[in-house]
There are 2 protein chains.
Amino acid sequence: MKADFSNFINSIYPLPYQILDDVLLHFQYKEYPKNYYLLKQGRPCKYLWVLVKGAARYTFSDETGKESNVWFSFDNDIVADAPSFVSQKPSTESIQLLEDSELYAIENSHLYHLLQQHHSFSLWYIKLIEKYYITQIEDRVTDLQFLTAKQRYEKLLIQFPNIGNRINLGHIASYLNITQETLSRIRSGKL
Amino acid sequence: MKADFSNFINSIYPLPYQILDDVLLHFQYKEYPKNYYLLKQGRPCKYLWVLVKGAARYTFSDETGKESNVWFSFDNDIVADAPSFVSQKPSTESIQLLEDSELYAIENSHLYHLLQQHHSFSLWYIKLIEKYYITQIEDRVTDLQFLTAKQRYEKLLIQFPNIGNRINLGHIASYLNITQETLSRIRSGKL
DNA sequence: GAATTTTTTTGAGCTAAATCAAAAAATGAT
DNA sequence: ATCATTTTTTGATTTAGCTCAAAAAAATTC
């Protein structure tokens with residue numbers, strides 16, 4: 001368990017072992033049940049989580065109360081509302097677990113303290129952002145802008161082949177920015 | 001000129017003066033005319049630019065040849081195809097200047113070398129990403145997902161009140177992910 | 001400043017996907 | 001197994017924004 005987690009940390013960018021030890025001290029192991037909210041829209045995102053096992057959705061509700069999923073995370077991914085985490089301003093999205101999950105959490109102030117202390121940890125954090133943020137989010141924008149609903153669905157299936165077993169249609173449709181009815185029609189080949 | 005630029009660098013995250021000097025040595029001043037391509041889709045994004053004065057658009061062309069603007073940058077902004085810059089893989093977008101522009105460019109390899117050399121420069125780079133990337137791109141996703149064409153236009157006008165004077169309707173429409181005709185109708189109050 | 005090119009607007013249908021409503025299927029609880 | 005709840009599918013209608021086509025306005029060039 002703990003060994004798996006330190007491997008995960010080291011796989012992002014290898015840290016000298018004394019520094020790795022110091023970093024690990026600041027991560028807290030947590031287990032939460034399905035449906036638990038890691039973060040509620042409007043509150044600052046105080047933690048950065050490593051989702052070791054489980055599933056989470058990021059949701060956004062507008063003034064009219066319409067709620068949509070903007071992102072999913074599964075096993076071995078990073079979880080946080082990045083803009084809120086880095087600024088400690090109120091988050092614009094909620095993060096809810098969709099399965100019983102195991103996570104490691106680091107507090108914002110601890111992370112920024114470690115960045116100041118260890119040059120290698122700064123380099124680690126840069127790699128983290130590059131790998132788990134920059135490469136992923138840009139795709140999201142171009143997908144929304146260029147792909148049809150059907151193409152977005154097909155791409156999602158390539159990214160997460162078994163997503164249908166873990167997450168219900170309504171959540172997937174909302175992520176694809178289409179209605180559940182439309183997704184149902186796409187799947188049955190009527191669109 | 002040079003003083004303005006070092007102020008810009010320092011405004012992101014203040015650097016010790018010896019390190020600032022070293023950093024400045026690696027930025028090259030460039031002037032390019034309107035319509036010049038800083039980057040062409042398919043080539044790795046070798047540089048990170050600071051756009052001191054001017055305007056640029058990021059464009060994406062799909063297989064069918066349909067081209068759309070995915071982003072704009074104006075005076076005192078950072079310019080790069082981030083996913084390509086950090087990975088040095090082929091870019092998925094082109095970057096073209098829309099006005100005669102003044103820029104400072106740093107090569108990818110030089111930047112990564114400086115990150116390894118100077119802890120404070122790593123902290124600077126983290127702030128850069130936070131300020132010029134994380135806070136901006138997330139908004140783009142939620143805008144595309146939640147706002148109507150009209151709302152996206154109104155929001156753009158708040159962000160860049162004088163964009164109409166610098167950039168033509170076709171480019172703006174393409175950024176909003178609507179046709180020029182639809183934008184024209186929105187502006188004349190018919191939608 | 002007249003001519004050419006580029007940009008913006010207007011008009012008339014068309015279409016992908018939304019909404020509203022309800023049935024069918026699957027899942028979970030007693 | 002039976003009942004209740006949640007999830008998924010199907011059907012009918014509506015709509016925001018598209019396409020195609022052409023006119024009008026503005027900006028450039030000679």
# chains A, B, ... in the order shown; residues from 1 in each chain; ligands from 1
>>> residues_around(residues="segment 177-179 of chain A", least_positions_apart="4", cutoff="9 Å", atoms="only C-alpha atoms (C1' of nucleotides)", output="list in words")
Ser68, Asn69, Val70, Leu144, Ala149, Gly170, Ile172, Ala173, Leu183 and Ser184 of chain A; Gln145 and Phe146 of chain B; DA17 and DA18 of chain C
>>> residues_around(residues="Ile167 of chain A", least_positions_apart="5", cutoff="10 Å", atoms="only C-alpha atoms (C1' of nucleotides)", output="list in words")
Ala55, Ala56, Arg57, Phe72, Leu98, Glu99, Asn162 and Ile172 of chain A
>>> write_last_selection(atoms="all heavy atoms", output="tab-separated table (two decimals), in the first residue's frame")
chain	number	residue	atom	x	y	z
A	55	ALA	N	-13.17	6.14	-8.14
A	55	ALA	CA	-13.61	6.98	-9.26
A	55	ALA	C	-14.21	8.26	-8.72
A	55	ALA	O	-14.84	8.26	-7.65
A	55	ALA	CB	-14.63	6.23	-10.12
A	56	ALA	N	-14.01	9.34	-9.46
A	56	ALA	CA	-14.55	10.64	-9.04
A	56	ALA	C	-15.06	11.40	-10.25
A	56	ALA	O	-14.60	11.20	-11.37
A	56	ALA	CB	-13.48	11.45	-8.32
A	57	ARG	N	-16.04	12.25	-10.00
A	57	ARG	CA	-16.50	13.15	-11.06
A	57	ARG	C	-16.38	14.58	-10.57
A	57	ARG	O	-16.55	14.86	-9.38
A	57	ARG	CB	-17.94	12.83	-11.46
A	57	ARG	CG	-18.96	13.10	-10.36
A	57	ARG	CD	-20.37	12.81	-10.85
A	57	ARG	NE	-21.34	13.13	-9.82
A	57	ARG	CZ	-22.41	13.92	-9.99
A	57	ARG	NH1	-22.66	14.44	-11.18
A	57	ARG	NH2	-23.24	14.17	-9.00
A	72	PHE	N	-13.73	13.31	-15.27
A	72	PHE	CA	-13.70	12.10	-14.46
A	72	PHE	C	-12.27	11.76	-14.08
A	72	PHE	O	-11.34	12.05	-14.84
A	72	PHE	CB	-14.24	10.89	-15.24
A	72	PHE	CG	-15.70	10.96	-15.56
A	72	PHE	CD1	-16.13	10.95	-16.88
A	72	PHE	CD2	-16.64	11.02	-14.55
A	72	PHE	CE1	-17.49	11.03	-17.18
A	72	PHE	CE2	-18.00	11.09	-14.84
A	72	PHE	CZ	-18.42	11.09	-16.16
A	98	LEU	N	-17.54	8.44	-7.04
A	98	LEU	CA	-18.57	7.60	-7.64
A	98	LEU	C	-18.42	6.14	-7.22
A	98	LEU	O	-19.24	5.29	-7.57
A	98	LEU	CB	-18.50	7.70	-9.17
A	98	LEU	CG	-18.81	9.08	-9.74
A	98	LEU	CD1	-18.52	9.13	-11.22
A	98	LEU	CD2	-20.26	9.46	-9.47
A	99	GLU	N	-17.34	5.85	-6.49
A	99	GLU	CA	-17.12	4.51	-5.94
A	99	GLU	C	-16.46	4.70	-4.56
A	99	GLU	O	-15.88	5.75	-4.29
A	99	GLU	CB	-16.15	3.70	-6.83
A	99	GLU	CG	-16.64	3.47	-8.24
A	99	GLU	CD	-15.60	2.76	-9.12
A	99	GLU	OE1	-14.43	2.58	-8.66
A	99	GLU	OE2	-15.95	2.39	-10.25
A	162	ASN	N	-13.84	0.61	-20.24
A	162	ASN	CA	-14.86	0.00	-19.38
A	162	ASN	C	-15.66	1.03	-18.59
A	162	ASN	O	-16.25	0.71	-17.56
A	162	ASN	CB	-14.19	-1.01	-18.44
A	162	ASN	CG	-13.18	-0.31	-17.53
A	162	ASN	OD1	-12.73	0.80	-17.82
A	162	ASN	ND2	-12.87	-0.95	-16.43
A	172	ILE	N	-22.20	10.05	-17.97
A	172	ILE	CA	-21.37	10.09	-19.17
A	172	ILE	C	-21.91	11.12	-20.16
A	172	ILE	O	-21.16	11.94	-20.70
A	172	ILE	CB	-21.29	8.70	-19.83
A	172	ILE	CG1	-20.58	7.72	-18.87
A	172	ILE	CG2	-20.56	8.77	-21.17
A	172	ILE	CD1	-20.61	6.28	-19.33
>>> residues_around(residues="DT8 of chain D", least_positions_apart="3", cutoff="9 Å", atoms="only C-alpha atoms (C1' of nucleotides)", output="ChimeraX atom specification")
/A:169,180-181,184 /C:24-26
>>> write_last_selection(atoms="C-alpha atoms (C1' of nucleotides)", output="JSON list (two decimals), in the first residue's frame")
[["chain", "number", "residue", "atom", "x", "y", "z"],
["A", 169, "LEU", "CA", -25.20, 6.86, -18.79],
["A", 180, "GLN", "CA", -28.97, 11.15, -21.77],
["A", 181, "GLU", "CA", -31.53, 10.56, -24.51],
["A", 184, "SER", "CA", -28.84, 6.43, -25.68],
["C", 24, "DA", "C1'", -39.22, -0.60, -20.79],
["C", 25, "DA", "C1'", -35.39, -2.62, -18.56],
["C", 26, "DA", "C1'", -32.24, -3.25, -14.91]]
>>> interface_residues(of="chain D", to="chain B", cutoff="10 Å", atoms="only C-alpha atoms (C1' of nucleotides)", output="list in words")
DA16, DG17, DC18 and DT19 of chain D
>>> atom_distance(atom1="atom CA of Tyr153 of chain A", atom2="atom CA of Tyr175 of chain A")
9.5 Å
>>> closest_atom_pairs(of="chain A", to="chain B", cutoff="9 Å", atoms="only C-alpha atoms", output="Markdown table")
| residue | atom | partner | partner_atom | distance |
| --- | --- | --- | --- | --- |
| A:Phe60 | CA | B:Thr142 | CA | 8.1 |
| A:Asp62 | CA | B:Phe146 | CA | 7.7 |
| A:Ser68 | CA | B:Phe146 | CA | 8.5 |
| A:Val70 | CA | B:Thr142 | CA | 7.6 |
| A:Ala82 | CA | B:Ile134 | CA | 6.8 |
| A:Pro83 | CA | B:Thr135 | CA | 5.1 |
| A:Ser84 | CA | B:Thr135 | CA | 8.4 |
| A:Val86 | CA | B:Glu130 | CA | 6.7 |
| A:Ser87 | CA | B:Glu130 | CA | 8.3 |
| A:Leu115 | CA | B:Leu123 | CA | 7.5 |
| A:Gln116 | CA | B:Leu123 | CA | 7.7 |
| A:His118 | CA | B:His119 | CA | 8.0 |
| A:His119 | CA | B:His119 | CA | 5.0 |
| A:Ser120 | CA | B:His119 | CA | 8.2 |
| A:Ser122 | CA | B:Ser122 | CA | 6.2 |
| A:Leu123 | CA | B:Ser122 | CA | 6.8 |
| A:Tyr125 | CA | B:Ile126 | CA | 8.2 |
| A:Ile126 | CA | B:Ile126 | CA | 6.5 |
| A:Ile129 | CA | B:Ile129 | CA | 8.7 |
| A:Glu130 | CA | B:Val86 | CA | 6.7 |
| A:Tyr133 | CA | B:Ile134 | CA | 8.5 |
| A:Ile134 | CA | B:Pro83 | CA | 5.8 |
| A:Thr135 | CA | B:Pro83 | CA | 5.1 |
| A:Gln136 | CA | B:Pro83 | CA | 8.5 |
| A:Ile137 | CA | B:Ile137 | CA | 7.7 |
| A:Glu138 | CA | B:Pro83 | CA | 7.4 |
| A:Arg140 | CA | B:Val141 | CA | 7.2 |
| A:Val141 | CA | B:Val141 | CA | 5.7 |
| A:Thr142 | CA | B:Val70 | CA | 7.6 |
| A:Leu144 | CA | B:Leu144 | CA | 7.0 |
| A:Gln145 | CA | B:Asn177 | CA | 6.5 |
| A:Phe146 | CA | B:Asp62 | CA | 7.7 |
| A:Asn177 | CA | B:Gln145 | CA | 6.4 |
>>> write_last_selection(atoms="N, CA, C and O atoms", output="short mmCIF file (atom, residue, chain, number, x, y, z; two decimals), in the first residue's frame")
data_model
loop_
_atom_site.label_atom_id
_atom_site.label_comp_id
_atom_site.auth_asym_id
_atom_site.auth_seq_id
_atom_site.Cartn_x
_atom_site.Cartn_y
_atom_site.Cartn_z
N PHE A 60 -20.16 20.80 -12.26
CA PHE A 60 -20.37 22.25 -12.25
C PHE A 60 -21.86 22.52 -12.29
O PHE A 60 -22.57 21.92 -13.09
N ASP A 62 -24.65 25.61 -12.77
CA ASP A 62 -24.80 27.04 -13.06
C ASP A 62 -25.93 27.63 -12.22
O ASP A 62 -26.56 26.93 -11.43
N SER A 68 -23.60 19.64 -14.56
CA SER A 68 -22.93 18.82 -15.57
C SER A 68 -21.60 18.32 -15.04
O SER A 68 -20.94 18.99 -14.26
N VAL A 70 -17.81 17.76 -15.60
CA VAL A 70 -16.79 18.35 -16.45
C VAL A 70 -15.55 17.47 -16.57
O VAL A 70 -14.73 17.65 -17.45
N ALA A 82 -7.93 22.46 -9.90
CA ALA A 82 -6.65 23.14 -10.02
C ALA A 82 -6.71 24.66 -9.84
O ALA A 82 -5.94 25.21 -9.05
N PRO A 83 -7.62 25.37 -10.52
CA PRO A 83 -7.62 26.83 -10.35
C PRO A 83 -7.86 27.24 -8.90
O PRO A 83 -7.26 28.20 -8.42
N SER A 84 -8.73 26.52 -8.20
CA SER A 84 -8.99 26.84 -6.81
C SER A 84 -7.83 26.41 -5.92
O SER A 84 -7.43 27.14 -5.00
N VAL A 86 -4.63 26.25 -6.62
CA VAL A 86 -3.45 27.12 -6.72
C VAL A 86 -3.72 28.53 -6.19
O VAL A 86 -2.80 29.21 -5.75
N SER A 87 -4.97 28.96 -6.23
CA SER A 87 -5.28 30.33 -5.78
C SER A 87 -5.91 30.35 -4.40
O SER A 87 -5.99 31.41 -3.77
N LEU A 115 7.51 22.97 -1.70
CA LEU A 115 8.06 23.57 -2.92
C LEU A 115 9.19 24.54 -2.58
O LEU A 115 10.21 24.60 -3.28
N GLN A 116 8.98 25.32 -1.52
CA GLN A 116 10.00 26.27 -1.09
C GLN A 116 11.24 25.57 -0.56
O GLN A 116 12.36 26.04 -0.72
N HIS A 118 12.37 22.27 -1.13
CA HIS A 118 13.14 21.31 -1.93
C HIS A 118 13.07 21.62 -3.43
O HIS A 118 11.98 21.56 -4.02
N HIS A 119 14.20 21.91 -4.00
CA HIS A 119 14.26 22.17 -5.43
C HIS A 119 13.71 20.96 -6.20
O HIS A 119 12.90 21.11 -7.11
N SER A 120 14.14 19.76 -5.80
CA SER A 120 13.69 18.57 -6.54
C SER A 120 12.18 18.38 -6.44
O SER A 120 11.55 17.89 -7.38
N SER A 122 10.05 20.85 -6.38
CA SER A 122 9.52 21.80 -7.36
C SER A 122 9.52 21.19 -8.75
O SER A 122 8.57 21.33 -9.52
N LEU A 123 10.62 20.50 -9.07
CA LEU A 123 10.72 19.86 -10.38
C LEU A 123 9.69 18.74 -10.50
O LEU A 123 9.08 18.53 -11.55
N TYR A 125 6.78 18.73 -8.97
CA TYR A 125 5.47 19.37 -9.11
C TYR A 125 5.26 19.87 -10.54
O TYR A 125 4.16 19.75 -11.10
N ILE A 126 6.31 20.38 -11.15
CA ILE A 126 6.21 20.82 -12.55
C ILE A 126 5.83 19.63 -13.43
O ILE A 126 4.94 19.72 -14.27
N ILE A 129 2.15 18.68 -12.98
CA ILE A 129 1.24 19.56 -13.72
C ILE A 129 1.29 19.24 -15.21
O ILE A 129 0.27 19.17 -15.87
N GLU A 130 2.49 19.03 -15.71
CA GLU A 130 2.63 18.71 -17.14
C GLU A 130 1.88 17.44 -17.49
O GLU A 130 1.14 17.39 -18.46
N TYR A 133 -2.16 17.53 -16.02
CA TYR A 133 -3.02 18.68 -16.27
C TYR A 133 -2.92 19.17 -17.71
O TYR A 133 -3.87 19.09 -18.47
N ILE A 134 -1.73 19.66 -18.06
CA ILE A 134 -1.56 20.32 -19.35
C ILE A 134 -1.94 19.42 -20.52
O ILE A 134 -2.69 19.82 -21.41
N THR A 135 -1.45 18.20 -20.51
CA THR A 135 -1.72 17.32 -21.65
C THR A 135 -3.19 16.92 -21.73
O THR A 135 -3.69 16.64 -22.81
N GLN A 136 -3.87 16.90 -20.59
CA GLN A 136 -5.24 16.41 -20.60
C GLN A 136 -6.26 17.49 -20.93
O GLN A 136 -7.19 17.28 -21.70
N ILE A 137 -6.10 18.65 -20.32
CA ILE A 137 -7.18 19.63 -20.42
C ILE A 137 -7.29 20.25 -21.80
O ILE A 137 -8.38 20.56 -22.27
N GLU A 138 -6.16 20.38 -22.47
CA GLU A 138 -6.18 21.00 -23.81
C GLU A 138 -7.02 20.16 -24.77
O GLU A 138 -7.81 20.69 -25.55
N ARG A 140 -9.48 18.37 -23.99
CA ARG A 140 -10.88 18.56 -23.63
C ARG A 140 -11.49 19.73 -24.40
O ARG A 140 -12.61 19.65 -24.90
N VAL A 141 -10.72 20.82 -24.50
CA VAL A 141 -11.21 22.00 -25.20
C VAL A 141 -11.42 21.69 -26.68
O VAL A 141 -12.49 21.95 -27.23
N THR A 142 -10.41 21.11 -27.32
CA THR A 142 -10.54 20.84 -28.76
C THR A 142 -11.64 19.80 -29.02
O THR A 142 -12.34 19.90 -30.02
N LEU A 144 -14.45 19.43 -27.32
CA LEU A 144 -15.74 20.12 -27.23
C LEU A 144 -15.98 20.99 -28.46
O LEU A 144 -17.10 21.14 -28.93
N GLN A 145 -14.89 21.55 -28.96
CA GLN A 145 -15.02 22.50 -30.06
C GLN A 145 -15.15 21.81 -31.43
O GLN A 145 -15.82 22.33 -32.31
N PHE A 146 -14.51 20.66 -31.58
CA PHE A 146 -14.41 20.09 -32.93
C PHE A 146 -15.15 18.79 -33.18
O PHE A 146 -15.46 18.46 -34.31
N ASN A 177 -21.50 16.51 -22.76
CA ASN A 177 -22.29 17.70 -23.04
C ASN A 177 -23.47 17.43 -23.98
O ASN A 177 -23.81 18.24 -24.83
#
>>> closest_residue(among="A:Val23, A:Ile163, A:Ile106, A:Ile78", to="Tyr47 of chain A", atoms="only C-alpha atoms")
A:Ile106
>>> select_by_dssp(residues="chain B", states="alpha helix (DSSP H)", output="VMD selection string")
chain B and resid 2 to 12 17 to 25 82 to 87 108 to 117 119 to 129 135 to 146 149 to 159 163 to 166 169 to 176 180 to 187
>>> write_last_selection(atoms="C-alpha atoms", output="tab-separated table (two decimals), in the first residue's frame")
chain	number	residue	atom	x	y	z
B	2	LYS	CA	14.58	45.61	-21.77
B	3	ALA	CA	13.60	47.11	-18.39
B	4	ASP	CA	9.91	46.57	-19.10
B	5	PHE	CA	10.59	42.97	-19.92
B	6	SER	CA	12.57	42.25	-16.76
B	7	ASN	CA	9.75	43.87	-14.78
B	8	PHE	CA	7.35	41.51	-16.46
B	9	ILE	CA	9.49	38.52	-15.50
B	10	ASN	CA	9.81	39.74	-11.94
B	11	SER	CA	6.09	40.46	-11.63
B	12	ILE	CA	5.34	36.76	-12.04
B	17	TYR	CA	19.06	39.56	-9.34
B	18	GLN	CA	21.91	37.23	-10.31
B	19	ILE	CA	19.39	34.65	-11.38
B	20	LEU	CA	17.24	37.18	-13.17
B	21	ASP	CA	20.34	38.18	-15.14
B	22	ASP	CA	21.02	34.59	-16.10
B	23	VAL	CA	17.39	34.09	-17.11
B	24	LEU	CA	17.30	37.25	-19.22
B	25	LEU	CA	20.35	36.05	-21.15
B	82	ALA	CA	1.68	24.21	-23.86
B	83	PRO	CA	1.17	20.45	-24.45
B	84	SER	CA	3.66	20.50	-27.30
B	85	PHE	CA	6.12	22.76	-25.51
B	86	VAL	CA	6.33	20.55	-22.43
B	87	SER	CA	6.50	17.27	-24.39
B	108	ASN	CA	12.61	24.78	-24.53
B	109	SER	CA	15.99	23.24	-23.75
B	110	HIS	CA	17.24	26.48	-22.20
B	111	LEU	CA	14.18	26.80	-20.04
B	112	TYR	CA	14.49	23.24	-18.74
B	113	HIS	CA	18.16	23.79	-18.12
B	114	LEU	CA	17.38	26.88	-16.05
B	115	LEU	CA	14.77	24.91	-14.10
B	116	GLN	CA	17.45	22.39	-13.14
B	117	GLN	CA	19.91	25.09	-12.22
B	119	HIS	CA	15.34	26.58	-7.51
B	120	SER	CA	13.89	30.08	-7.63
B	121	PHE	CA	13.40	29.80	-11.39
B	122	SER	CA	11.42	26.60	-10.83
B	123	LEU	CA	9.18	28.49	-8.44
B	124	TRP	CA	8.89	31.23	-11.04
B	125	TYR	CA	7.85	28.72	-13.68
B	126	ILE	CA	5.24	27.19	-11.38
B	127	LYS	CA	3.73	30.65	-10.86
B	128	LEU	CA	3.83	31.26	-14.60
B	129	ILE	CA	1.84	28.11	-15.28
B	135	THR	CA	-6.66	29.88	-14.29
B	136	GLN	CA	-7.43	30.61	-17.93
B	137	ILE	CA	-7.98	27.30	-19.63
B	138	GLU	CA	-10.45	25.86	-17.14
B	139	ASP	CA	-12.78	28.77	-17.81
B	140	ARG	CA	-12.62	28.00	-21.49
B	141	VAL	CA	-13.96	24.48	-20.91
B	142	THR	CA	-16.87	25.57	-18.74
B	143	ASP	CA	-17.71	28.40	-21.14
B	144	LEU	CA	-17.94	26.03	-24.09
B	145	GLN	CA	-19.97	23.59	-22.04
B	146	PHE	CA	-22.39	25.93	-20.28
B	149	ALA	CA	-23.23	31.56	-28.16
B	150	LYS	CA	-24.58	34.92	-27.04
B	151	GLN	CA	-23.29	34.52	-23.49
B	152	ARG	CA	-19.87	33.48	-24.76
B	153	TYR	CA	-19.74	36.63	-26.88
B	154	GLU	CA	-20.76	38.86	-23.99
B	155	LYS	CA	-18.13	37.30	-21.77
B	156	LEU	CA	-15.44	37.79	-24.42
B	157	LEU	CA	-16.36	41.47	-24.65
B	158	ILE	CA	-15.88	41.82	-20.89
B	159	GLN	CA	-12.51	40.06	-21.10
B	163	ILE	CA	-11.29	43.08	-29.34
B	164	GLY	CA	-13.60	44.22	-32.13
B	165	ASN	CA	-11.09	46.88	-33.13
B	166	ARG	CA	-8.18	44.48	-33.29
B	169	LEU	CA	-15.57	39.05	-36.86
B	170	GLY	CA	-14.68	35.83	-38.61
B	171	HIS	CA	-11.84	35.17	-36.19
B	172	ILE	CA	-13.96	36.02	-33.18
B	173	ALA	CA	-16.84	33.83	-34.37
B	174	SER	CA	-14.50	30.93	-34.88
B	175	TYR	CA	-13.17	31.34	-31.33
B	176	LEU	CA	-16.73	31.38	-30.00
B	180	GLN	CA	-19.69	34.45	-38.70
B	181	GLU	CA	-23.34	34.80	-39.71
B	182	THR	CA	-24.55	33.83	-36.26
B	183	LEU	CA	-22.18	36.29	-34.59
B	184	SER	CA	-23.36	39.03	-36.90
B	185	ARG	CA	-26.97	38.29	-35.89
B	186	ILE	CA	-26.04	38.26	-32.20
B	187	ARG	CA	-24.41	41.66	-32.52
>>> atom_distance(atom1="atom C1' of DC3 of chain D", atom2="atom CA of Tyr36 of chain A")
28.5 Å
>>> atom_distance(atom1="atom CA of Gly189 of chain A", atom2="atom C1' of DG28 of chain C")
29.5 Å
>>> closest_atom_pairs(of="chain C", to="chain B", cutoff="8 Å", atoms="only C-alpha atoms (C1' of nucleotides)", output="CSV")
residue,atom,partner,partner_atom,distance
C:DT7,C1',B:Asn168,CA,7.6
C:DT8,C1',B:Ser184,CA,7.1
C:DT9,C1',B:Ser184,CA,6.7
>>> select_by_dssp(residues="segment 32-69 of chain B", states="strand (DSSP E or B)", output="mmCIF file with N, CA, C and O atoms, in the first residue's frame")
data_model
loop_
_atom_site.group_PDB
_atom_site.id
_atom_site.type_symbol
_atom_site.label_atom_id
_atom_site.label_comp_id
_atom_site.auth_asym_id
_atom_site.auth_seq_id
_atom_site.Cartn_x
_atom_site.Cartn_y
_atom_site.Cartn_z
ATOM 1 N N TYR B 32 8.161 40.390 -35.333
ATOM 2 C CA TYR B 32 7.619 39.715 -36.506
ATOM 3 C C TYR B 32 6.419 40.500 -37.027
ATOM 4 O O TYR B 32 5.699 41.150 -36.265
ATOM 5 N N TYR B 37 3.654 33.199 -38.870
ATOM 6 C CA TYR B 37 3.355 32.033 -38.049
ATOM 7 C C TYR B 37 4.486 31.754 -37.066
ATOM 8 O O TYR B 37 5.593 31.406 -37.484
ATOM 9 N N LEU B 38 4.224 31.878 -35.788
ATOM 10 C CA LEU B 38 5.207 31.510 -34.760
ATOM 11 C C LEU B 38 5.354 29.997 -34.733
ATOM 12 O O LEU B 38 6.433 29.470 -34.438
ATOM 13 N N LEU B 39 4.270 29.307 -35.020
ATOM 14 C CA LEU B 39 4.255 27.846 -34.927
ATOM 15 C C LEU B 39 3.271 27.304 -35.938
ATOM 16 O O LEU B 39 2.193 27.864 -36.120
ATOM 17 N N PRO B 44 6.937 20.617 -33.442
ATOM 18 C CA PRO B 44 7.028 20.804 -31.990
ATOM 19 C C PRO B 44 7.155 22.289 -31.652
ATOM 20 O O PRO B 44 7.784 23.034 -32.398
ATOM 21 N N TYR B 47 9.656 27.033 -28.675
ATOM 22 C CA TYR B 47 9.838 28.232 -27.864
ATOM 23 C C TYR B 47 8.633 28.532 -26.989
ATOM 24 O O TYR B 47 7.502 28.161 -27.314
ATOM 25 N N LEU B 48 8.931 29.217 -25.930
ATOM 26 C CA LEU B 48 7.897 29.890 -25.148
ATOM 27 C C LEU B 48 8.116 31.370 -25.386
ATOM 28 O O LEU B 48 9.234 31.867 -25.227
ATOM 29 N N TRP B 49 7.052 32.081 -25.791
ATOM 30 C CA TRP B 49 7.192 33.506 -26.075
ATOM 31 C C TRP B 49 6.496 34.353 -25.018
ATOM 32 O O TRP B 49 5.446 33.957 -24.475
ATOM 33 N N VAL B 50 7.092 35.489 -24.762
ATOM 34 C CA VAL B 50 6.393 36.530 -24.024
ATOM 35 C C VAL B 50 5.993 37.571 -25.066
ATOM 36 O O VAL B 50 6.863 38.139 -25.746
ATOM 37 N N LEU B 51 4.696 37.749 -25.211
ATOM 38 C CA LEU B 51 4.193 38.707 -26.199
ATOM 39 C C LEU B 51 4.114 40.071 -25.524
ATOM 40 O O LEU B 51 3.205 40.331 -24.742
ATOM 41 N N VAL B 52 5.117 40.910 -25.801
ATOM 42 C CA VAL B 52 5.187 42.216 -25.158
ATOM 43 C C VAL B 52 4.131 43.135 -25.758
ATOM 44 O O VAL B 52 3.419 43.844 -25.058
ATOM 45 N N LYS B 53 4.032 43.091 -27.062
ATOM 46 C CA LYS B 53 3.079 43.961 -27.747
ATOM 47 C C LYS B 53 2.632 43.273 -29.022
ATOM 48 O O LYS B 53 3.466 42.775 -29.784
ATOM 49 N N ALA B 55 -0.685 40.839 -31.098
ATOM 50 C CA ALA B 55 -1.827 39.951 -30.942
ATOM 51 C C ALA B 55 -1.555 38.660 -31.685
ATOM 52 O O ALA B 55 -0.900 38.659 -32.729
ATOM 53 N N ALA B 56 -2.042 37.559 -31.130
ATOM 54 C CA ALA B 56 -1.844 36.260 -31.759
ATOM 55 C C ALA B 56 -3.099 35.413 -31.620
ATOM 56 O O ALA B 56 -3.888 35.604 -30.696
ATOM 57 N N ARG B 57 -3.274 34.514 -32.581
ATOM 58 C CA ARG B 57 -4.367 33.551 -32.468
ATOM 59 C C ARG B 57 -3.800 32.152 -32.536
ATOM 60 O O ARG B 57 -2.808 31.910 -33.233
ATOM 61 N N TYR B 58 -4.414 31.243 -31.820
ATOM 62 C CA TYR B 58 -4.071 29.829 -31.866
ATOM 63 C C TYR B 58 -5.144 29.170 -32.715
ATOM 64 O O TYR B 58 -6.331 29.340 -32.442
ATOM 65 N N THR B 59 -4.746 28.423 -33.727
ATOM 66 C CA THR B 59 -5.750 27.819 -34.600
ATOM 67 C C THR B 59 -5.549 26.325 -34.718
ATOM 68 O O THR B 59 -4.433 25.825 -34.659
ATOM 69 N N PHE B 60 -6.643 25.657 -34.906
ATOM 70 C CA PHE B 60 -6.636 24.205 -35.041
ATOM 71 C C PHE B 60 -7.354 23.861 -36.340
ATOM 72 O O PHE B 60 -8.423 24.395 -36.618
ATOM 73 N N SER B 61 -6.752 22.990 -37.155
ATOM 74 C CA SER B 61 -7.427 22.516 -38.364
ATOM 75 C C SER B 61 -7.665 21.020 -38.225
ATOM 76 O O SER B 61 -6.736 20.278 -37.920
ATOM 77 N N GLU B 67 -10.877 25.114 -40.130
ATOM 78 C CA GLU B 67 -9.970 25.781 -39.202
ATOM 79 C C GLU B 67 -10.746 26.617 -38.194
ATOM 80 O O GLU B 67 -11.687 27.309 -38.553
ATOM 81 N N SER B 68 -10.342 26.532 -36.939
ATOM 82 C CA SER B 68 -10.976 27.352 -35.904
ATOM 83 C C SER B 68 -9.936 27.950 -34.982
ATOM 84 O O SER B 68 -8.904 27.351 -34.728
ATOM 85 N N ASN B 69 -10.252 29.115 -34.448
ATOM 86 C CA ASN B 69 -9.400 29.741 -33.436
ATOM 87 C C ASN B 69 -9.739 29.145 -32.084
ATOM 88 O O ASN B 69 -10.902 29.086 -31.704
#
